[in-house]
>>> print(open('my_file_16.cif').read())   # mmCIF, C-alpha atoms and all ligand atoms
data_final
loop_
_atom_site.label_atom_id
_atom_site.label_comp_id
_atom_site.auth_asym_id
_atom_site.auth_seq_id
_atom_site.Cartn_x
_atom_site.Cartn_y
_atom_site.Cartn_z
CA MET N 1 16.33 -0.66 -8.20
CA SER N 2 16.09 0.82 -4.69
CA GLU N 3 19.69 2.03 -4.38
CA LYS N 4 22.88 1.44 -6.31
CA LEU N 5 24.89 -1.25 -4.57
CA SER N 6 28.52 -2.29 -4.87
CA ILE N 7 28.46 -6.07 -5.42
CA GLY N 8 31.38 -8.47 -5.75
CA VAL N 9 30.77 -11.97 -7.08
CA ILE N 10 33.41 -14.51 -6.08
CA GLY N 11 33.43 -17.13 -8.84
CA GLY N 12 31.59 -14.67 -11.09
CA SER N 13 33.55 -16.08 -14.04
CA GLY N 14 31.25 -19.10 -13.82
CA GLN N 15 27.67 -19.90 -14.72
CA GLU N 16 25.51 -18.95 -11.72
CA GLY N 17 27.56 -16.02 -10.46
CA GLY N 18 27.98 -14.67 -13.97
CA GLY N 19 24.24 -14.86 -14.58
CA LEU N 20 23.40 -12.94 -11.41
CA ALA N 21 26.13 -10.39 -12.16
CA LEU N 22 24.73 -9.84 -15.66
CA ARG N 23 21.25 -9.09 -14.31
CA TRP N 24 22.45 -6.80 -11.51
CA ALA N 25 24.70 -4.87 -13.90
CA ALA N 26 21.70 -4.42 -16.19
CA LYS N 27 19.87 -2.81 -13.24
CA GLY N 28 22.67 -0.30 -12.73
CA HIS N 29 24.47 -1.87 -9.76
CA ASP N 30 28.25 -1.53 -9.56
CA VAL N 31 29.32 -5.15 -10.12
CA VAL N 32 32.75 -6.80 -10.00
CA ILE N 33 33.10 -10.45 -11.01
CA GLY N 34 35.94 -12.33 -9.38
CA SER N 35 38.09 -15.27 -10.33
CA ARG N 36 41.26 -16.95 -9.13
CA SER N 37 42.73 -15.52 -12.35
CA ARG N 38 42.36 -11.83 -13.19
CA ASP N 39 42.78 -12.65 -16.90
CA LYS N 40 39.94 -15.18 -16.77
CA ALA N 41 37.71 -12.67 -14.99
CA GLU N 42 38.43 -10.01 -17.59
CA VAL N 43 37.57 -12.42 -20.43
CA ALA N 44 34.33 -13.35 -18.65
CA ALA N 45 33.51 -9.67 -18.05
CA HIS N 46 34.08 -8.92 -21.73
CA SER N 47 31.62 -11.66 -22.69
CA ILE N 48 28.98 -10.46 -20.17
CA ASN N 49 29.39 -6.86 -21.31
CA ALA N 50 28.79 -8.02 -24.89
CA ALA N 51 25.56 -9.69 -23.73
CA LEU N 52 24.55 -6.50 -21.94
CA ALA N 53 24.86 -4.65 -25.27
CA GLY N 54 24.89 -1.23 -23.67
CA ARG N 55 22.33 -2.02 -20.95
CA GLY N 56 25.01 -1.62 -18.27
CA SER N 57 28.50 -2.97 -17.68
CA LEU N 58 30.66 -4.72 -15.11
CA ARG N 59 34.33 -5.47 -14.65
CA GLY N 60 36.48 -8.51 -13.97
CA ALA N 61 39.02 -8.75 -11.14
CA THR N 62 40.43 -11.18 -8.62
CA ASN N 63 38.24 -12.87 -6.01
CA HIS N 64 40.09 -10.77 -3.44
CA GLU N 65 38.95 -7.56 -5.15
CA ALA N 66 35.40 -8.88 -5.47
CA ALA N 67 35.39 -9.50 -1.72
CA GLN N 68 36.26 -5.84 -1.13
CA GLN N 69 32.83 -4.73 -2.42
CA ASN N 70 30.02 -3.90 0.04
CA ILE N 71 27.92 -6.97 -0.72
CA VAL N 72 29.68 -10.21 -1.60
CA VAL N 73 28.30 -13.27 -3.39
CA LEU N 74 29.93 -16.70 -3.14
CA ALA N 75 29.32 -18.72 -6.32
CA VAL N 76 31.85 -21.53 -6.53
CA PRO N 77 31.38 -25.32 -6.53
CA TYR N 78 30.57 -26.91 -3.15
CA ALA N 79 33.98 -28.59 -3.00
CA ALA N 80 35.63 -25.14 -3.03
CA GLN N 81 33.04 -23.23 -0.95
CA VAL N 82 34.64 -23.06 2.51
CA ALA N 83 38.27 -22.75 1.38
CA THR N 84 37.41 -19.93 -1.05
CA ALA N 85 35.47 -17.98 1.59
CA GLU N 86 38.23 -18.47 4.16
CA GLU N 87 40.75 -16.92 1.74
CA VAL N 88 38.89 -13.59 1.93
CA HIS N 89 37.52 -13.98 5.47
CA GLU N 90 39.04 -10.77 6.81
CA LEU N 91 37.32 -8.73 4.06
CA LEU N 92 33.84 -10.04 4.93
CA ALA N 93 33.43 -8.75 8.49
CA GLY N 94 30.21 -6.78 8.92
CA LYS N 95 29.06 -7.52 5.38
CA ILE N 96 26.30 -9.54 3.78
CA LEU N 97 27.67 -12.68 2.12
CA ILE N 98 25.12 -14.23 -0.25
CA ASP N 99 25.91 -17.93 -0.56
CA VAL N 100 24.32 -19.73 -3.54
CA THR N 101 26.05 -23.04 -2.86
CA VAL N 102 24.25 -26.33 -3.36
CA PRO N 103 26.01 -29.30 -1.70
CA LEU N 104 26.00 -31.49 -4.80
CA LEU N 105 28.20 -34.58 -4.69
CA PRO N 106 28.78 -35.69 -8.30
CA PRO N 107 27.91 -37.94 -9.95
CA LYS N 108 24.62 -38.36 -8.02
CA VAL N 109 23.52 -34.73 -8.32
CA SER N 110 19.83 -35.60 -8.60
CA ARG N 111 19.91 -37.16 -5.12
CA VAL N 112 19.63 -35.01 -1.99
CA GLN N 113 22.91 -35.33 -0.07
CA LEU N 114 23.08 -32.69 2.65
CA PRO N 115 26.23 -32.38 4.79
CA ALA N 116 26.43 -33.48 8.42
CA GLU N 117 25.80 -29.89 9.57
CA GLY N 118 22.39 -30.12 7.83
CA SER N 119 23.17 -27.39 5.28
CA ALA N 120 26.23 -26.23 3.34
CA VAL N 121 25.42 -22.58 4.05
CA VAL N 122 25.03 -23.20 7.80
CA ALA N 123 28.39 -24.99 7.81
CA LEU N 124 29.94 -21.93 6.14
CA GLN N 125 28.37 -19.53 8.66
CA ARG N 126 29.87 -21.59 11.49
CA LYS N 127 33.32 -21.39 9.87
CA LEU N 128 33.12 -17.62 9.28
CA GLY N 129 31.56 -16.68 12.60
CA GLU N 130 28.81 -14.23 13.47
CA SER N 131 30.62 -11.13 12.16
CA VAL N 132 29.62 -12.16 8.62
CA LYS N 133 25.90 -11.93 7.75
CA VAL N 134 25.55 -15.05 5.62
CA VAL N 135 22.33 -15.20 3.59
CA SER N 136 21.31 -18.21 1.51
CA ALA N 137 19.58 -17.60 -1.84
CA PHE N 138 19.29 -18.49 -5.54
CA GLN N 139 19.98 -22.25 -5.11
CA ASN N 140 16.82 -23.03 -7.11
CA VAL N 141 17.47 -20.67 -10.03
CA SER N 142 19.06 -22.16 -13.12
CA ALA N 143 22.07 -20.32 -14.53
CA ALA N 144 20.80 -21.18 -18.01
CA HIS N 145 17.87 -18.80 -17.45
CA LEU N 146 19.80 -16.09 -15.59
CA ARG N 147 22.30 -15.73 -18.42
CA ASP N 148 19.62 -14.85 -20.98
CA LEU N 149 18.81 -11.27 -20.08
CA ASP N 150 15.63 -11.27 -22.17
CA TYR N 151 14.24 -14.41 -20.53
CA VAL N 152 11.57 -13.83 -17.89
CA VAL N 153 12.69 -16.11 -15.06
CA ASP N 154 9.65 -18.10 -13.97
CA CYS N 155 11.01 -18.93 -10.52
CA ASP N 156 10.81 -17.66 -6.94
CA VAL N 157 13.78 -17.31 -4.61
CA LEU N 158 13.88 -18.64 -1.05
CA VAL N 159 15.96 -16.26 1.07
CA CYS N 160 17.15 -17.69 4.39
CA GLY N 161 19.25 -15.92 7.00
CA ASP N 162 19.41 -15.03 10.67
CA ASP N 163 19.43 -11.24 10.04
CA ALA N 164 16.07 -9.96 8.75
CA ALA N 165 17.51 -6.72 7.34
CA ALA N 166 20.14 -8.67 5.41
CA ARG N 167 17.40 -10.94 4.03
CA GLU N 168 15.45 -7.86 2.94
CA THR N 169 18.48 -6.59 0.98
CA VAL N 170 18.80 -9.94 -0.79
CA ILE N 171 15.06 -9.99 -1.56
CA SER N 172 15.54 -6.62 -3.21
CA LEU N 173 18.44 -8.05 -5.24
CA ALA N 174 16.27 -11.02 -6.28
CA HIS N 175 13.75 -8.47 -7.54
CA ASP N 176 16.49 -6.63 -9.44
CA ALA N 177 17.47 -9.95 -11.06
CA GLY N 178 13.88 -10.38 -12.26
CA MET N 179 12.45 -12.68 -9.58
CA ARG N 180 10.33 -12.65 -6.46
CA GLY N 181 12.27 -13.34 -3.28
CA TRP N 182 10.64 -14.54 -0.06
CA HIS N 183 11.65 -14.31 3.59
CA ALA N 184 12.04 -18.06 4.12
CA GLY N 185 13.18 -17.98 7.73
CA VAL N 186 16.43 -18.63 9.55
CA LEU N 187 19.66 -19.73 7.90
CA ALA N 188 19.08 -23.35 8.97
CA ASN N 189 16.08 -23.41 6.61
CA SER N 190 18.58 -23.19 3.76
CA ALA N 191 18.64 -27.00 4.02
CA ALA N 192 15.27 -27.04 2.26
CA ALA N 193 16.45 -24.83 -0.63
CA GLU N 194 19.68 -26.80 -1.00
CA ALA N 195 17.78 -30.11 -1.03
CA LEU N 196 15.21 -28.78 -3.51
CA THR N 197 17.92 -28.26 -6.12
CA SER N 198 18.52 -31.99 -6.45
CA VAL N 199 14.75 -32.45 -6.82
CA LEU N 200 14.76 -29.84 -9.61
CA ILE N 201 17.74 -31.53 -11.30
CA ALA N 202 15.81 -34.81 -11.26
CA ILE N 203 12.85 -33.00 -12.86
CA ASN N 204 15.16 -31.39 -15.45
CA GLN N 205 16.49 -34.81 -16.38
CA ARG N 206 13.09 -36.52 -16.51
CA TYR N 207 11.33 -33.77 -18.50
CA LYS N 208 14.36 -32.70 -20.56
CA VAL N 209 14.29 -29.02 -19.61
CA PRO N 210 17.24 -26.70 -18.73
CA GLY N 211 15.88 -25.24 -15.52
CA ALA N 212 12.76 -26.23 -13.62
CA GLY N 213 11.97 -23.79 -10.82
CA ILE N 214 9.72 -23.24 -7.81
CA ARG N 215 6.80 -20.89 -7.09
CA ILE N 216 5.34 -19.91 -3.70
CA THR N 217 1.55 -19.75 -3.81
CA GLY N 218 -1.12 -18.65 -1.36
CA VAL N 219 0.44 -15.25 -0.62
CA PRO N 220 -0.70 -12.12 -2.48
CA ARG N 221 1.93 -11.02 -4.99
CA ASP N 222 2.89 -7.40 -5.61
N1 LIG A 1 24.71 -23.63 -12.41
C1 LIG A 1 23.50 -23.49 -11.86
O1 LIG A 1 22.46 -23.53 -12.57
C2 LIG A 1 23.38 -23.25 -10.38
C3 LIG A 1 22.11 -22.98 -9.86
C4 LIG A 1 21.98 -22.70 -8.49
C5 LIG A 1 23.11 -22.72 -7.68
N2 LIG A 1 24.34 -23.04 -8.22
C6 LIG A 1 25.49 -23.07 -7.32
O2 LIG A 1 26.35 -22.01 -7.69
C7 LIG A 1 27.70 -22.38 -7.43
C8 LIG A 1 28.48 -22.15 -8.72
O3 LIG A 1 27.92 -22.99 -9.71
P1 LIG A 1 28.33 -22.78 -11.23
O4 LIG A 1 27.46 -23.68 -12.03
O5 LIG A 1 28.40 -21.34 -11.53
O6 LIG A 1 29.79 -23.39 -11.19
P2 LIG A 1 30.99 -23.23 -12.20
O7 LIG A 1 30.63 -22.37 -13.36
O8 LIG A 1 31.52 -24.60 -12.46
O9 LIG A 1 32.07 -22.52 -11.26
C9 LIG A 1 31.98 -21.19 -10.85
C10 LIG A 1 33.38 -20.67 -10.65
O10 LIG A 1 33.97 -21.30 -9.51
C11 LIG A 1 35.36 -21.20 -9.64
N3 LIG A 1 35.98 -22.46 -9.22
C12 LIG A 1 35.89 -23.67 -9.80
N4 LIG A 1 36.61 -24.58 -9.12
C13 LIG A 1 37.17 -23.90 -8.09
C14 LIG A 1 38.05 -24.29 -7.04
N5 LIG A 1 38.48 -25.55 -6.89
N6 LIG A 1 38.45 -23.34 -6.15
C15 LIG A 1 38.01 -22.05 -6.28
N7 LIG A 1 37.19 -21.63 -7.27
C16 LIG A 1 36.78 -22.56 -8.15
C17 LIG A 1 35.69 -20.95 -11.11
O11 LIG A 1 36.24 -19.66 -11.20
P3 LIG A 1 37.77 -19.37 -11.59
O12 LIG A 1 38.33 -20.61 -12.25
O13 LIG A 1 37.63 -18.25 -12.55
O14 LIG A 1 38.43 -19.01 -10.32
C18 LIG A 1 34.34 -20.98 -11.78
O15 LIG A 1 34.21 -20.03 -12.83
C19 LIG A 1 27.70 -23.84 -6.98
O16 LIG A 1 27.83 -23.92 -5.60
C20 LIG A 1 26.33 -24.33 -7.44
O17 LIG A 1 25.83 -25.35 -6.62
C21 LIG A 1 24.50 -23.28 -9.54
#
>>> encode(input="my_file_16.cif", output="structure tokens")
Amino acid sequence: MSEKLSIGVIGGSGQEGGGLALRWAAKGHDVVIGSRSRDKAEVAAHSINAALAGRGSLRGATNHEAAQQNIVVLAVPYAAQVATAEEVHELLAGKILIDVTVPLLPPKVSRVQLPAEGSAVVALQRKLGESVKVVSAFQNVSAAHLRDLDYVVDCDVLVCGDDAAARETVISLAHDAGMRGWHAGVLANSAAAEALTSVLIAINQRYKVPGAGIRITGVPRD
């Protein structure tokens, strides 16, 4: 871990946000998981702390409190993405907002269905405005793997964003969660990561696995 960060995960009571929160807490970051219900967040935090078994801890709070942390993660279903971010908009100014949203439209989740803006994360950046440094990441990482702290996640992370320093911070957080993150270009490139998730879901279904992933090759690894 490079430096201890204060991280709030909106929707951290759920699968993907909870998995990332678990791994960051295990690395010593100061993590708050948020929910629409403080009680639900506290129950989820209790369960994650049990999984941590002394290798760190985190706490549960409201989404509003999660959004007060220095780095904020948005991890709610696509249908709730924009409305949830808008509820805490005033707390996000000047901060990095890591958006993990995949624009899945059930029931056809194994079919690529990108929004008219080209990308769910780009659409969110337009809604929030330039004061929020939105970075897209983790769309291709299965929560099933993140939530098992002892599992070595065999998956790379595409990190897209218009602010290179913000991308670098998220790459460092991917590393802290046990993965290799890559500068994958501007925020608009998030369309590729979002689309890839439906490809991976199709592979999961065909090969009966819980979380196929991606690997970047051809670049020396650390
Ligand atoms: N699951 C994966 O493997 C995976 C992988 C990559 C990316 N993602 C992306 O990560 C995001 C979260 O996925 P997930 O699987 O973690 O979802 P999830 O567990 O179903 O939901 C996450 C949290 O979102 C909140 N939520 C649900 N409906 C909401 C609504 N209408 N308004 C506001 N908040 C609501 C809930 O928190 P409270 O009820 O506590 O408020 C819930 O705990 C999605 O955008 C998904 O595409 C998921």
>>> closest_residue(input="my_file_16.cif", among="N:Glu42, N:Asp148, N:Asp222, N:Asp176", to="Ser13 of chain N", atoms="only C-alpha atoms")
N:Glu42
>>> residues_around(input="my_file_16.cif", residues="Glu86 of chain N", least_positions_apart="5", cutoff="10 Å", atoms="only C-alpha atoms", output="JSON, numbers by chain")
{"N": [81, 91, 92, 124, 127, 128]}
>>> closest_residue(input="my_file_16.cif", among="N:Val102, N:Ala50, N:Ala177, N:Ala66", to="ligand LIG 1 (chain A)", atoms="all atoms listed in the file")
N:Val102
>>> residues_near_ligand(input="my_file_16.cif", ligand="ligand LIG 1 (chain A)", cutoff="9 Å", atoms="all atoms listed in the file", output="PyMOL selection string")
chain N and resi 10-19+34-41+44+62-63+74-81+83-84+99-104+137-146+194+197+210-211
>>> write_last_selection(input="my_file_16.cif", atoms="C-alpha atoms", output="PDB file, in the coordinates of the input")
ATOM      1  CA  ILE N  10      33.410 -14.510  -6.080  1.00  0.00           C
ATOM      2  CA  GLY N  11      33.430 -17.130  -8.840  1.00  0.00           C
ATOM      3  CA  GLY N  12      31.590 -14.670 -11.090  1.00  0.00           C
ATOM      4  CA  SER N  13      33.550 -16.080 -14.040  1.00  0.00           C
ATOM      5  CA  GLY N  14      31.250 -19.100 -13.820  1.00  0.00           C
ATOM      6  CA  GLN N  15      27.670 -19.900 -14.720  1.00  0.00           C
ATOM      7  CA  GLU N  16      25.510 -18.950 -11.720  1.00  0.00           C
ATOM      8  CA  GLY N  17      27.560 -16.020 -10.460  1.00  0.00           C
ATOM      9  CA  GLY N  18      27.980 -14.670 -13.970  1.00  0.00           C
ATOM     10  CA  GLY N  19      24.240 -14.860 -14.580  1.00  0.00           C
ATOM     11  CA  GLY N  34      35.940 -12.330  -9.380  1.00  0.00           C
ATOM     12  CA  SER N  35      38.090 -15.270 -10.330  1.00  0.00           C
ATOM     13  CA  ARG N  36      41.260 -16.950  -9.130  1.00  0.00           C
ATOM     14  CA  SER N  37      42.730 -15.520 -12.350  1.00  0.00           C
ATOM     15  CA  ARG N  38      42.360 -11.830 -13.190  1.00  0.00           C
ATOM     16  CA  ASP N  39      42.780 -12.650 -16.900  1.00  0.00           C
ATOM     17  CA  LYS N  40      39.940 -15.180 -16.770  1.00  0.00           C
ATOM     18  CA  ALA N  41      37.710 -12.670 -14.990  1.00  0.00           C
ATOM     19  CA  ALA N  44      34.330 -13.350 -18.650  1.00  0.00           C
ATOM     20  CA  THR N  62      40.430 -11.180  -8.620  1.00  0.00           C
ATOM     21  CA  ASN N  63      38.240 -12.870  -6.010  1.00  0.00           C
ATOM     22  CA  LEU N  74      29.930 -16.700  -3.140  1.00  0.00           C
ATOM     23  CA  ALA N  75      29.320 -18.720  -6.320  1.00  0.00           C
ATOM     24  CA  VAL N  76      31.850 -21.530  -6.530  1.00  0.00           C
ATOM     25  CA  PRO N  77      31.380 -25.320  -6.530  1.00  0.00           C
ATOM     26  CA  TYR N  78      30.570 -26.910  -3.150  1.00  0.00           C
ATOM     27  CA  ALA N  79      33.980 -28.590  -3.000  1.00  0.00           C
ATOM     28  CA  ALA N  80      35.630 -25.140  -3.030  1.00  0.00           C
ATOM     29  CA  GLN N  81      33.040 -23.230  -0.950  1.00  0.00           C
ATOM     30  CA  ALA N  83      38.270 -22.750   1.380  1.00  0.00           C
ATOM     31  CA  THR N  84      37.410 -19.930  -1.050  1.00  0.00           C
ATOM     32  CA  ASP N  99      25.910 -17.930  -0.560  1.00  0.00           C
ATOM     33  CA  VAL N 100      24.320 -19.730  -3.540  1.00  0.00           C
ATOM     34  CA  THR N 101      26.050 -23.040  -2.860  1.00  0.00           C
ATOM     35  CA  VAL N 102      24.250 -26.330  -3.360  1.00  0.00           C
ATOM     36  CA  PRO N 103      26.010 -29.300  -1.700  1.00  0.00           C
ATOM     37  CA  LEU N 104      26.000 -31.490  -4.800  1.00  0.00           C
ATOM     38  CA  ALA N 137      19.580 -17.600  -1.840  1.00  0.00           C
ATOM     39  CA  PHE N 138      19.290 -18.490  -5.540  1.00  0.00           C
ATOM     40  CA  GLN N 139      19.980 -22.250  -5.110  1.00  0.00           C
ATOM     41  CA  ASN N 140      16.820 -23.030  -7.110  1.00  0.00           C
ATOM     42  CA  VAL N 141      17.470 -20.670 -10.030  1.00  0.00           C
ATOM     43  CA  SER N 142      19.060 -22.160 -13.120  1.00  0.00           C
ATOM     44  CA  ALA N 143      22.070 -20.320 -14.530  1.00  0.00           C
ATOM     45  CA  ALA N 144      20.800 -21.180 -18.010  1.00  0.00           C
ATOM     46  CA  HIS N 145      17.870 -18.800 -17.450  1.00  0.00           C
ATOM     47  CA  LEU N 146      19.800 -16.090 -15.590  1.00  0.00           C
ATOM     48  CA  GLU N 194      19.680 -26.800  -1.000  1.00  0.00           C
ATOM     49  CA  THR N 197      17.920 -28.260  -6.120  1.00  0.00           C
ATOM     50  CA  PRO N 210      17.240 -26.700 -18.730  1.00  0.00           C
ATOM     51  CA  GLY N 211      15.880 -25.240 -15.520  1.00  0.00           C
TER      52      GLY N 211
END
>>> residues_around(input="my_file_16.cif", residues="segment 23-29 of chain N", least_positions_apart="3", cutoff="7 Å", atoms="all atoms listed in the file", output="ChimeraX atom specification")
/N:1,4-6,19-20,52,55-58,149,176-177
>>> closest_residue(input="my_file_16.cif", among="N:Ser110, N:Ser119, N:Asn70, N:Ser172", to="Ile7 of chain N", atoms="only C-alpha atoms")
N:Asn70
>>> residues_around(input="my_file_16.cif", residues="Ala195 of chain N", least_positions_apart="2", cutoff="8 Å", atoms="all atoms listed in the file", output="PyMOL selection string")
chain N and resi 102+112-114+191-193+197-199
>>> closest_residue(input="my_file_16.cif", among="N:Ala184, N:Ile96, N:Ala21, N:Ile216", to="Val159 of chain N", atoms="only C-alpha atoms")
N:Ala184
>>> axis_aligned_box(input="my_file_16.cif", around="segment 85-98 of chain N", padding_each_side="4 Å", output="JSON")
{"center_x": 32.9, "center_y": -12.6, "center_z": 4.3, "size_x": 23.6, "size_y": 19.7, "size_z": 17.2}
>>> residues_around(input="my_file_16.cif", residues="Leu187 of chain N", least_positions_apart="6", cutoff="6 Å", atoms="all atoms listed in the file", output="PyMOL selection string")
chain N and resi 160-162
>>> atom_distance(input="my_file_16.cif", atom1="atom CA of Asp156 of chain N", atom2="atom CA of Ala67 of chain N")
26.4 Å
>>> closest_residue(input="my_file_16.cif", among="N:Val122, N:Ala202, N:Val152, N:Ala165", to="Asn189 of chain N", atoms="all atoms listed in the file")
N:Val122
>>> atom_distance(input="my_file_16.cif", atom1="atom CA of Arg167 of chain N", atom2="atom CA of Met179 of chain N")
14.6 Å
>>> build_atoms(input="my_file_16.cif", residues="segment 109-136 of chain N", atoms="N, CA and C atoms", output="PDB file, keeping the file's coordinate frame")
ATOM      1  N   VAL N 109      23.983 -36.090  -8.623  1.00  0.00           N
ATOM      2  CA  VAL N 109      23.520 -34.730  -8.320  1.00  0.00           C
ATOM      3  C   VAL N 109      21.999 -34.628  -8.240  1.00  0.00           C
ATOM      4  N   SER N 110      21.295 -35.646  -8.704  1.00  0.00           N
ATOM      5  CA  SER N 110      19.830 -35.600  -8.600  1.00  0.00           C
ATOM      6  C   SER N 110      19.348 -36.299  -7.331  1.00  0.00           C
ATOM      7  N   ARG N 111      20.268 -36.566  -6.413  1.00  0.00           N
ATOM      8  CA  ARG N 111      19.910 -37.160  -5.120  1.00  0.00           C
ATOM      9  C   ARG N 111      20.272 -36.172  -4.024  1.00  0.00           C
ATOM     10  N   VAL N 112      19.347 -35.934  -3.096  1.00  0.00           N
ATOM     11  CA  VAL N 112      19.630 -35.010  -1.990  1.00  0.00           C
ATOM     12  C   VAL N 112      20.710 -35.615  -1.101  1.00  0.00           C
ATOM     13  N   GLN N 113      21.806 -34.846  -0.915  1.00  0.00           N
ATOM     14  CA  GLN N 113      22.910 -35.330  -0.070  1.00  0.00           C
ATOM     15  C   GLN N 113      23.408 -34.155   0.772  1.00  0.00           C
ATOM     16  N   LEU N 114      22.690 -33.831   1.823  1.00  0.00           N
ATOM     17  CA  LEU N 114      23.080 -32.690   2.650  1.00  0.00           C
ATOM     18  C   LEU N 114      24.235 -33.066   3.577  1.00  0.00           C
ATOM     19  N   PRO N 115      25.085 -32.086   3.921  1.00  0.00           N
ATOM     20  CA  PRO N 115      26.230 -32.380   4.790  1.00  0.00           C
ATOM     21  C   PRO N 115      25.794 -32.651   6.234  1.00  0.00           C
ATOM     22  N   ALA N 116      26.734 -33.115   7.033  1.00  0.00           N
ATOM     23  CA  ALA N 116      26.430 -33.480   8.420  1.00  0.00           C
ATOM     24  C   ALA N 116      25.868 -32.303   9.210  1.00  0.00           C
ATOM     25  N   GLU N 117      26.298 -31.088   8.871  1.00  0.00           N
ATOM     26  CA  GLU N 117      25.800 -29.890   9.570  1.00  0.00           C
ATOM     27  C   GLU N 117      24.350 -29.595   9.208  1.00  0.00           C
ATOM     28  N   GLY N 118      23.786 -30.317   8.236  1.00  0.00           N
ATOM     29  CA  GLY N 118      22.390 -30.120   7.830  1.00  0.00           C
ATOM     30  C   GLY N 118      22.257 -29.227   6.616  1.00  0.00           C
ATOM     31  N   SER N 119      23.234 -28.346   6.377  1.00  0.00           N
ATOM     32  CA  SER N 119      23.170 -27.390   5.280  1.00  0.00           C
ATOM     33  C   SER N 119      24.579 -26.873   4.997  1.00  0.00           C
ATOM     34  N   ALA N 120      24.902 -26.750   3.708  1.00  0.00           N
ATOM     35  CA  ALA N 120      26.230 -26.230   3.340  1.00  0.00           C
ATOM     36  C   ALA N 120      26.396 -24.779   3.783  1.00  0.00           C
ATOM     37  N   VAL N 121      25.320 -24.006   3.702  1.00  0.00           N
ATOM     38  CA  VAL N 121      25.420 -22.580   4.050  1.00  0.00           C
ATOM     39  C   VAL N 121      25.573 -22.422   5.573  1.00  0.00           C
ATOM     40  N   VAL N 122      24.870 -23.241   6.339  1.00  0.00           N
ATOM     41  CA  VAL N 122      25.030 -23.200   7.800  1.00  0.00           C
ATOM     42  C   VAL N 122      26.458 -23.571   8.173  1.00  0.00           C
ATOM     43  N   ALA N 123      27.008 -24.579   7.515  1.00  0.00           N
ATOM     44  CA  ALA N 123      28.390 -24.990   7.810  1.00  0.00           C
ATOM     45  C   ALA N 123      29.339 -23.820   7.533  1.00  0.00           C
ATOM     46  N   LEU N 124      29.079 -23.080   6.465  1.00  0.00           N
ATOM     47  CA  LEU N 124      29.940 -21.930   6.140  1.00  0.00           C
ATOM     48  C   LEU N 124      29.805 -20.841   7.205  1.00  0.00           C
ATOM     49  N   GLN N 125      28.573 -20.556   7.629  1.00  0.00           N
ATOM     50  CA  GLN N 125      28.370 -19.530   8.660  1.00  0.00           C
ATOM     51  C   GLN N 125      29.141 -19.893   9.929  1.00  0.00           C
ATOM     52  N   ARG N 126      29.129 -21.166  10.287  1.00  0.00           N
ATOM     53  CA  ARG N 126      29.870 -21.590  11.490  1.00  0.00           C
ATOM     54  C   ARG N 126      31.362 -21.351  11.322  1.00  0.00           C
ATOM     55  N   LYS N 127      31.873 -21.593  10.122  1.00  0.00           N
ATOM     56  CA  LYS N 127      33.320 -21.390   9.870  1.00  0.00           C
ATOM     57  C   LYS N 127      33.678 -19.903   9.939  1.00  0.00           C
ATOM     58  N   LEU N 128      32.796 -19.045   9.377  1.00  0.00           N
ATOM     59  CA  LEU N 128      33.120 -17.620   9.280  1.00  0.00           C
ATOM     60  C   LEU N 128      32.832 -16.861  10.554  1.00  0.00           C
ATOM     61  N   GLY N 129      31.901 -17.372  11.358  1.00  0.00           N
ATOM     62  CA  GLY N 129      31.560 -16.680  12.600  1.00  0.00           C
ATOM     63  C   GLY N 129      30.488 -15.620  12.381  1.00  0.00           C
ATOM     64  N   GLU N 130      29.979 -15.102  13.502  1.00  0.00           N
ATOM     65  CA  GLU N 130      28.810 -14.230  13.470  1.00  0.00           C
ATOM     66  C   GLU N 130      29.077 -12.848  12.887  1.00  0.00           C
ATOM     67  N   SER N 131      30.343 -12.476  12.707  1.00  0.00           N
ATOM     68  CA  SER N 131      30.620 -11.130  12.160  1.00  0.00           C
ATOM     69  C   SER N 131      30.208 -11.031  10.696  1.00  0.00           C
ATOM     70  N   VAL N 132      30.034 -12.171  10.024  1.00  0.00           N
ATOM     71  CA  VAL N 132      29.620 -12.160   8.620  1.00  0.00           C
ATOM     72  C   VAL N 132      28.135 -12.527   8.555  1.00  0.00           C
ATOM     73  N   LYS N 133      27.353 -11.674   7.856  1.00  0.00           N
ATOM     74  CA  LYS N 133      25.900 -11.930   7.750  1.00  0.00           C
ATOM     75  C   LYS N 133      25.652 -12.815   6.530  1.00  0.00           C
ATOM     76  N   VAL N 134      25.725 -14.120   6.741  1.00  0.00           N
ATOM     77  CA  VAL N 134      25.550 -15.050   5.620  1.00  0.00           C
ATOM     78  C   VAL N 134      24.050 -15.190   5.322  1.00  0.00           C
ATOM     79  N   VAL N 135      23.710 -15.027   4.049  1.00  0.00           N
ATOM     80  CA  VAL N 135      22.330 -15.200   3.590  1.00  0.00           C
ATOM     81  C   VAL N 135      22.346 -16.222   2.463  1.00  0.00           C
ATOM     82  N   SER N 136      21.419 -17.159   2.522  1.00  0.00           N
ATOM     83  CA  SER N 136      21.310 -18.210   1.510  1.00  0.00           C
ATOM     84  C   SER N 136      20.233 -17.841   0.498  1.00  0.00           C
TER      85      SER N 136
END
